[in-house]
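What follows is one structure encoded as structure tokens, with my remarks underneath.
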Amino acid sequence: MARTVIGNLLRGLKNGTSCANKTKIKIRVRKLKMKELRSVKMKTIKSIRLKNFKRFQKYEVSFFENTNILIGDNEAGKSTILSAIDLCISASRSKIEIHGIENIFNQRSIYEFFSTGKKFSELPIMEIEIFISGIEDEFFNGKNNSYSALKDGMRLRCSPDEALIKEIKEILAEPENHFPFEYYKINFETFSGNSYSGNKRPIKYVMIDTAISNNEYAHKEYTRNMYECSLEGNEKAKHSFLYRSTKENFSSGVLKELNERVKYKFGLKNNSKSNFESDLTILDNDIPIEYKGKGQQCFVKANFALSKRKNGHDVVLIEEPENHLSHIKMKCLIEEIDSTKTRQLIITTHNPLICSRLDLRNVQILSGKDDKPIVLNDIPEDVAEFFIKAPDNNLLEFILSEKCILVEGDAEYILMESFFYKEIGKKPHECGVAIISVNGTGFKNYMQVAKATKAKVAVIRDNDKNGNENCIENYADYLTESIQIFFDPSDDRYTFEVCVYQDNRNICDELFLPGRKTLSVLEYMLSNKTEVAYELLRKKSEEISTPKYLKDAIKWINE
């Protein structure tokens with residue numbers, strides 16, 4: 001219906017319509033196209049469940065329909081999630097063989113098996129389940145899943161081969177602990193219980209791993225995937241036929257004269273390793289992208305995968321898109337990602353700009369403590385918008401921190417680590433504490449994020465001559481047992497520099513009094529906060545006393 005109306009309107013534009021009416025028609029067409037776009041049911045990955053896969057004994061991630069940003073410390077499992085999706089949807093046994101079952105099986109589950117008697121019936125099973133939305137196909141619908149409920153999707157299952165029970169039991173009866181990986185079978189099944197191969201994928205997806213941009217296999221796999229998703233009708237058969245015909249013509253024509261004078265003829269290969277798809281590449285300004293720099297390769301691959309095409313991918317998986325990209329290129333790619341509304345994106349990253357500019361509410365934090373990630377989609381909209389526009393201020397470090405001290409400016413940041421070491425005898429990172437400088441107007445936004453991440457946060461700020469109003473009443477709705485604010489209670493000690501000066505008068509006078517003609521030492525410290533802090537750190541870090549409210553914050557964050 002919408003397409004018919006759009007067609008009629010577009011024909012009206014060609015029939016001498018007035019400029020005013022043309023503008024109205026264009027607006028109407030744009031609205032109808034947006035309405036039609038929203039009415040199209042996107043095919044997406046609704047969730048993934050892992051059992052004994054790599055670092056996860058049990059883990060589940062539910063995905064948003066559009067953009068998903070997976071973050072976490074090193075070895076948190078971000079790449080593992082993308083790898084699981086790739087292995088399960090592709091239904092590729094060769095990919096599993098490349099990895100090796102022994103390398104993708106959860107090691108803790110094996111250790112626990114050996115510590116509980118080595119019974120055949122208790123051998124661990126590895127499973128990857130992918131739940132799909134937006135498809136209507138009985139082939140993928142059924143109860144063959146861990147919920148035992150009607151769902152759409154497929155699973156990869158790695159379990160002991162029951163036909164080899166005798167051999168497996170003989171291995172388990174040996175005194176040494178040898179796990180029978182070689183006696184496990186791999187099954188790709190749909191939730192209806194049918195065997196599943198990669199030829200009948202319910203969704204089109206592409207995986208872009210920027211860490212292996214120079215890997216020939218990965219490049220060819222990407223090129224083939226992009227080619228197939230760009231085809232229309234019978235183009236593939238046509239291209240393959242013409243390519244083979246061209247090779248045959250070259251052999252029979254161009255090589256004819258040469259072959260007539262030699263004992264054995266020359267010809268062109270035409271096998272699975274040298275065919276149309278294996279010879280295909282992607283050009284950037286007429287240059288194959290494999291000959292471009294790593295950064296440009298990453299940008300082109302991501303940009304191409306995200307571009308709007310009739311037969312484009314349903315899901316795009318991107319592993320750390322920031323790799324090899326300059327700051328400007330990264331911003332261009334972020335804009336491209338942000339404008340993508342017709343497909344699902346699942347991105348892993350260590351880049352704070354990606355987290356903030358693509359909306360914190362799309363972020364999921366992976367950790368080893370829970371069987372699900374921490375989701376930030378409940379962060380208020382105004383907080384998410386603040387971080388889209390604000391400098392990142394080590395935002396990613398803050399999100400990933402279990403303990404954090406937020407300070408108001410550069411001066412506090414410069415001296416805080418020294419104060420921390422003086423009070424605890426260890427550096428902050430040795431205690432799992434991050435120190436982050438935040439503009440005072442941003443404290444509330446960071447505190448809102450901390451509520452979602454459940455981090456322990458000490459906020460340190462000046463009382464600005466009214467501690468009750470500025471520090472207590474101002475943050476009353478943001479404080480919890482794990483989020484506390486620390487300030488000097490005396491209105492006379494209204495800022496950090498005043499507190500440092502009053503607690504270290506002799507040291508400050510010694511450093512900053514010489515040469516002062518008009519400004520007092522305190523006035524000089526207030527006018528040159530960063531320089532003063534650096535001089536104190538460089539020359540008097542071991543002698544300077546820590547103001548009490550900072551001592552209290554340091555003690556509390558370490559309790």
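Here, A, B, ... name the chains of the structure tokens in the order displayed, residue numbers run from 1 inside each chain, and ligands are numbered from 1 in the same displayed order.
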_I'd like the neighbourhood of Ser92 of chain A as a PyMOL selection string, where a residue qualifies if any of its atoms comes within 12 Å (using only C-alpha atoms), though same-chain residues fewer than 6 positions away should be ignored._
chain A and resi 83-86+98-99+156+186-188+196-199+201
Output N, CA, C and O atoms of each residue in that selection to a file, as an mmCIF file, in the first residue's frame.
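In the end it all went to out_25.cif:
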data_model
loop_
_atom_site.group_PDB
_atom_site.id
_atom_site.type_symbol
_atom_site.label_atom_id
_atom_site.label_comp_id
_atom_site.auth_asym_id
_atom_site.auth_seq_id
_atom_site.Cartn_x
_atom_site.Cartn_y
_atom_site.Cartn_z
ATOM 1 N N SER A 83 32.606 -14.632 18.670
ATOM 2 C CA SER A 83 33.056 -15.920 18.141
ATOM 3 C C SER A 83 31.945 -16.960 18.235
ATOM 4 O O SER A 83 31.740 -17.754 17.308
ATOM 5 N N ALA A 84 31.216 -16.962 19.350
ATOM 6 C CA ALA A 84 30.116 -17.924 19.533
ATOM 7 C C ALA A 84 29.022 -17.708 18.496
ATOM 8 O O ALA A 84 28.487 -18.667 17.920
ATOM 9 N N ILE A 85 28.690 -16.446 18.238
ATOM 10 C CA ILE A 85 27.674 -16.143 17.222
ATOM 11 C C ILE A 85 28.126 -16.638 15.865
ATOM 12 O O ILE A 85 27.376 -17.276 15.115
ATOM 13 N N ASP A 86 29.376 -16.358 15.538
ATOM 14 C CA ASP A 86 29.941 -16.756 14.240
ATOM 15 C C ASP A 86 29.935 -18.271 14.072
ATOM 16 O O ASP A 86 29.496 -18.798 13.037
ATOM 17 N N ILE A 98 39.501 -25.511 13.180
ATOM 18 C CA ILE A 98 40.599 -24.542 13.222
ATOM 19 C C ILE A 98 40.873 -24.118 14.659
ATOM 20 O O ILE A 98 42.021 -24.021 15.100
ATOM 21 N N HIS A 99 39.803 -23.863 15.406
ATOM 22 C CA HIS A 99 39.954 -23.495 16.824
ATOM 23 C C HIS A 99 40.465 -24.690 17.637
ATOM 24 O O HIS A 99 41.339 -24.536 18.493
ATOM 25 N N LEU A 156 24.504 -24.909 18.612
ATOM 26 C CA LEU A 156 25.673 -25.759 18.392
ATOM 27 C C LEU A 156 25.836 -26.580 19.670
ATOM 28 O O LEU A 156 25.888 -26.024 20.766
ATOM 29 N N ILE A 186 29.937 -33.090 17.116
ATOM 30 C CA ILE A 186 29.438 -31.724 16.961
ATOM 31 C C ILE A 186 28.147 -31.761 16.168
ATOM 32 O O ILE A 186 28.107 -32.321 15.063
ATOM 33 N N ASN A 187 27.092 -31.203 16.713
ATOM 34 C CA ASN A 187 25.802 -31.149 16.036
ATOM 35 C C ASN A 187 25.346 -29.695 15.898
ATOM 36 O O ASN A 187 25.444 -28.911 16.850
ATOM 37 N N PHE A 188 24.874 -29.350 14.722
ATOM 38 C CA PHE A 188 24.211 -28.075 14.488
ATOM 39 C C PHE A 188 22.734 -28.369 14.294
ATOM 40 O O PHE A 188 22.354 -29.067 13.352
ATOM 41 N N TYR A 196 21.055 -28.653 10.852
ATOM 42 C CA TYR A 196 21.142 -27.321 10.272
ATOM 43 C C TYR A 196 22.506 -27.122 9.630
ATOM 44 O O TYR A 196 23.534 -27.518 10.192
ATOM 45 N N SER A 197 22.533 -26.551 8.433
ATOM 46 C CA SER A 197 23.811 -26.234 7.772
ATOM 47 C C SER A 197 23.828 -24.755 7.446
ATOM 48 O O SER A 197 22.783 -24.080 7.408
ATOM 49 N N GLY A 198 25.013 -24.236 7.211
ATOM 50 C CA GLY A 198 25.161 -22.808 6.944
ATOM 51 C C GLY A 198 24.487 -22.360 5.664
ATOM 52 O O GLY A 198 24.335 -21.156 5.427
ATOM 53 N N ASN A 199 24.064 -23.316 4.805
ATOM 54 C CA ASN A 199 23.391 -22.951 3.561
ATOM 55 C C ASN A 199 21.983 -22.421 3.800
ATOM 56 O O ASN A 199 21.398 -21.799 2.918
ATOM 57 N N ARG A 201 20.866 -20.257 6.434
ATOM 58 C CA ARG A 201 20.980 -19.331 7.560
ATOM 59 C C ARG A 201 19.702 -18.506 7.690
ATOM 60 O O ARG A 201 19.213 -17.955 6.701
#
_Selected residue of minimal separation from Asn303 of chain A among A:Asn103, A:Thr190, A:Ser339, A:Thr44, counting only C-alpha atoms_ =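 Of all the options, A:Ser339 lies closest to Asn303 of chain A.
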*Name the residues of segment 334-382 of chain A that come out as strand (DSSP E) in a backbone DSSP run; write them as JSON, numbers by chain.*
{"A": [344, 345, 346, 347, 348, 363, 364, 365, 374, 375]}
Kindly export the residues of the current selection with C-alpha atoms, as an mmCIF file, in the first residue's frame.
data_model
loop_
_atom_site.group_PDB
_atom_site.id
_atom_site.type_symbol
_atom_site.label_atom_id
_atom_site.label_comp_id
_atom_site.auth_asym_id
_atom_site.auth_seq_id
_atom_site.Cartn_x
_atom_site.Cartn_y
_atom_site.Cartn_z
ATOM 1 C CA GLN A 344 21.524 -4.935 14.149
ATOM 2 C CA LEU A 345 25.049 -4.037 15.239
ATOM 3 C CA ILE A 346 27.029 -5.902 17.884
ATOM 4 C CA ILE A 347 30.299 -4.119 18.621
ATOM 5 C CA THR A 348 33.096 -4.868 21.064
ATOM 6 C CA VAL A 363 26.298 -0.488 26.498
ATOM 7 C CA GLN A 364 26.545 -3.910 28.149
ATOM 8 C CA ILE A 365 29.381 -4.592 30.597
ATOM 9 C CA ILE A 374 25.361 -5.296 33.370
ATOM 10 C CA VAL A 375 23.072 -3.318 31.073
#
*Counting only C-alpha atoms, what is within 9 Å of Arg155 of chain A, bar same-chain residues fewer than 4 positions away, as number ranges by chain?*
A: 88-89, 127-131, 144-145, 187-191, 196
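Across the model, the gap from atom CA of Ala455 of chain A to atom CA of Ile399 of chain A is 8.2 Å.
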*Near Glu336 of chain A, counting only C-alpha atoms, which residues have an atom at most 9 Å away, once you skip same-chain residues fewer than 5 positions from it, shown as a VMD selection string?*
chain A and resid 303 306 to 307 331
*Glu412 of chain A: which residues within 9 Å, counting only C-alpha atoms, same-chain residues fewer than 6 positions away excluded, as a PyMOL selection string?*
chain A and resi 437+460+496-497+530+533
Generate the output file for the selected residues, N, CA and C atoms, as a PDB file, in the first residue's frame.
ATOM      1  N   SER A 437      39.333  12.658  36.981  1.00  0.00           N
ATOM      2  CA  SER A 437      39.024  14.083  37.101  1.00  0.00           C
ATOM      3  C   SER A 437      37.759  14.394  36.314  1.00  0.00           C
ATOM      4  N   ILE A 460      34.753  13.728  45.506  1.00  0.00           N
ATOM      5  CA  ILE A 460      35.469  14.744  46.281  1.00  0.00           C
ATOM      6  C   ILE A 460      35.261  16.096  45.616  1.00  0.00           C
ATOM      7  N   PHE A 496      39.954  23.252  47.477  1.00  0.00           N
ATOM      8  CA  PHE A 496      41.075  22.328  47.666  1.00  0.00           C
ATOM      9  C   PHE A 496      42.363  23.064  48.004  1.00  0.00           C
ATOM     10  N   GLU A 497      42.667  24.134  47.265  1.00  0.00           N
ATOM     11  CA  GLU A 497      43.922  24.859  47.472  1.00  0.00           C
ATOM     12  C   GLU A 497      43.978  25.493  48.853  1.00  0.00           C
ATOM     13  N   THR A 530      46.964  24.273  38.682  1.00  0.00           N
ATOM     14  CA  THR A 530      47.632  23.108  38.095  1.00  0.00           C
ATOM     15  C   THR A 530      49.138  23.163  38.319  1.00  0.00           C
ATOM     16  N   ALA A 533      50.017  22.460  41.987  1.00  0.00           N
ATOM     17  CA  ALA A 533      49.881  21.040  42.330  1.00  0.00           C
ATOM     18  C   ALA A 533      51.080  20.257  41.818  1.00  0.00           C
TER      19      ALA A 533
END
*Would you give me, as a PyMOL selection string, the residues in segment 335-396 of chain A that DSSP reads as alpha helix (DSSP H)?*
chain A and resi 335-338+352-357+381-389+395-396
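Nearest to Glu290 of chain A of all the residues A:Lys256, A:Lys220, A:Lys389, A:Arg505 is A:Lys220, based on only C-alpha atoms.
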*Looking at only C-alpha atoms, which of A:Gly295, A:Glu319, A:Asp491, A:Arg224 is the one that sits closest to Asp279 of chain A?*
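That would be A:Arg224, the residue with the smallest distance to Asp279 of chain A.
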*asked:* What's around Ala450 of chain A at 9 Å? Count only C-alpha atoms, leave out sequence neighbours fewer than 4 positions away in its own chain, and write the answer as a ChimeraX atom specification.
replied: /A:398-399,445-446,454-457,482-483
Write the residues of the selection above to a file with N, CA, C and O atoms, as a PDB file, in the first residue's frame.
ATOM      1  N   PHE A 398      35.967   4.628  34.034  1.00  0.00           N
ATOM      2  CA  PHE A 398      34.996   4.784  35.120  1.00  0.00           C
ATOM      3  C   PHE A 398      33.956   3.663  35.095  1.00  0.00           C
ATOM      4  O   PHE A 398      33.650   3.054  36.121  1.00  0.00           O
ATOM      5  N   ILE A 399      33.429   3.363  33.915  1.00  0.00           N
ATOM      6  CA  ILE A 399      32.393   2.331  33.803  1.00  0.00           C
ATOM      7  C   ILE A 399      32.912   0.969  34.243  1.00  0.00           C
ATOM      8  O   ILE A 399      32.188   0.184  34.864  1.00  0.00           O
ATOM      9  N   ASN A 445      25.982  13.222  36.653  1.00  0.00           N
ATOM     10  CA  ASN A 445      25.889  12.277  35.528  1.00  0.00           C
ATOM     11  C   ASN A 445      26.716  11.020  35.798  1.00  0.00           C
ATOM     12  O   ASN A 445      26.276   9.905  35.526  1.00  0.00           O
ATOM     13  N   TYR A 446      27.905  11.223  36.348  1.00  0.00           N
ATOM     14  CA  TYR A 446      28.744  10.069  36.680  1.00  0.00           C
ATOM     15  C   TYR A 446      28.113   9.252  37.805  1.00  0.00           C
ATOM     16  O   TYR A 446      28.191   8.013  37.814  1.00  0.00           O
ATOM     17  N   LYS A 454      26.774  -0.256  39.742  1.00  0.00           N
ATOM     18  CA  LYS A 454      26.913  -0.710  41.128  1.00  0.00           C
ATOM     19  C   LYS A 454      28.361  -0.569  41.639  1.00  0.00           C
ATOM     20  O   LYS A 454      28.828  -1.349  42.471  1.00  0.00           O
ATOM     21  N   ALA A 455      29.048   0.429  41.121  1.00  0.00           N
ATOM     22  CA  ALA A 455      30.424   0.692  41.559  1.00  0.00           C
ATOM     23  C   ALA A 455      30.418   1.467  42.864  1.00  0.00           C
ATOM     24  O   ALA A 455      29.453   2.152  43.206  1.00  0.00           O
ATOM     25  N   LYS A 456      31.517   1.355  43.610  1.00  0.00           N
ATOM     26  CA  LYS A 456      31.706   2.136  44.831  1.00  0.00           C
ATOM     27  C   LYS A 456      32.446   3.409  44.444  1.00  0.00           C
ATOM     28  O   LYS A 456      33.558   3.344  43.905  1.00  0.00           O
ATOM     29  N   VAL A 457      31.834   4.556  44.709  1.00  0.00           N
ATOM     30  CA  VAL A 457      32.375   5.822  44.223  1.00  0.00           C
ATOM     31  C   VAL A 457      32.453   6.848  45.338  1.00  0.00           C
ATOM     32  O   VAL A 457      31.462   7.098  46.052  1.00  0.00           O
ATOM     33  N   SER A 482      26.885   2.999  48.453  1.00  0.00           N
ATOM     34  CA  SER A 482      28.119   2.837  47.693  1.00  0.00           C
ATOM     35  C   SER A 482      28.535   4.105  46.953  1.00  0.00           C
ATOM     36  O   SER A 482      29.547   4.100  46.246  1.00  0.00           O
ATOM     37  N   ILE A 483      27.779   5.169  47.067  1.00  0.00           N
ATOM     38  CA  ILE A 483      28.149   6.449  46.448  1.00  0.00           C
ATOM     39  C   ILE A 483      28.089   7.522  47.527  1.00  0.00           C
ATOM     40  O   ILE A 483      27.005   7.852  48.024  1.00  0.00           O
TER      41      ILE A 483
END
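With only C-alpha atoms as the atoms that count, the residue of A:Asp137, A:Val316, A:Phe299, A:Asn194 with the shortest distance to Asn225 of chain A is A:Val316.
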*Name all residues at most 12 Å from Lys329 of chain A (count only C-alpha atoms; drop same-chain ones fewer than 3 positions away) and give them as a list of chain:residue names.*
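So, after excluding close chain neighbours, the residues are A:Gly295, A:Gln296, A:Gln297, A:Cys298, A:Phe299, A:Val300, A:Ala302, A:Asn303, A:Pro321, A:Glu322, A:Asn323, A:His324, A:Leu325, A:Ser326, A:Cys332, A:Leu333, A:Ile334, A:Glu335, A:Glu336.
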_Just the number, please: distance in Å from atom CA of Asp314 of chain A to atom CA of Phe387 of chain A, one decimal._
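Spanning atom CA of Asp314 of chain A to atom CA of Phe387 of chain A is a straight-line distance of 28.5 Å.
Each of A:Glu182, A:Ser192, A:Glu122, A:Gly117 was checked against Phe140 of chain A using only C-alpha atoms; the smallest atom-to-atom distance is that of A:Ser192.
Each of A:Ser133, A:Thr340, A:Thr80, A:Ser418 was compared to Leu550 of chain A using only C-alpha atoms, and A:Ser418 turns out to be the nearest.
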*If you measure from atom CA of Tyr524 of chain A to atom CA of Glu510 of chain A, what distance in Å do you get, rounded to one decimal?*
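Straight-line distance from atom CA of Tyr524 of chain A to atom CA of Glu510 of chain A works out to 13.1 Å.
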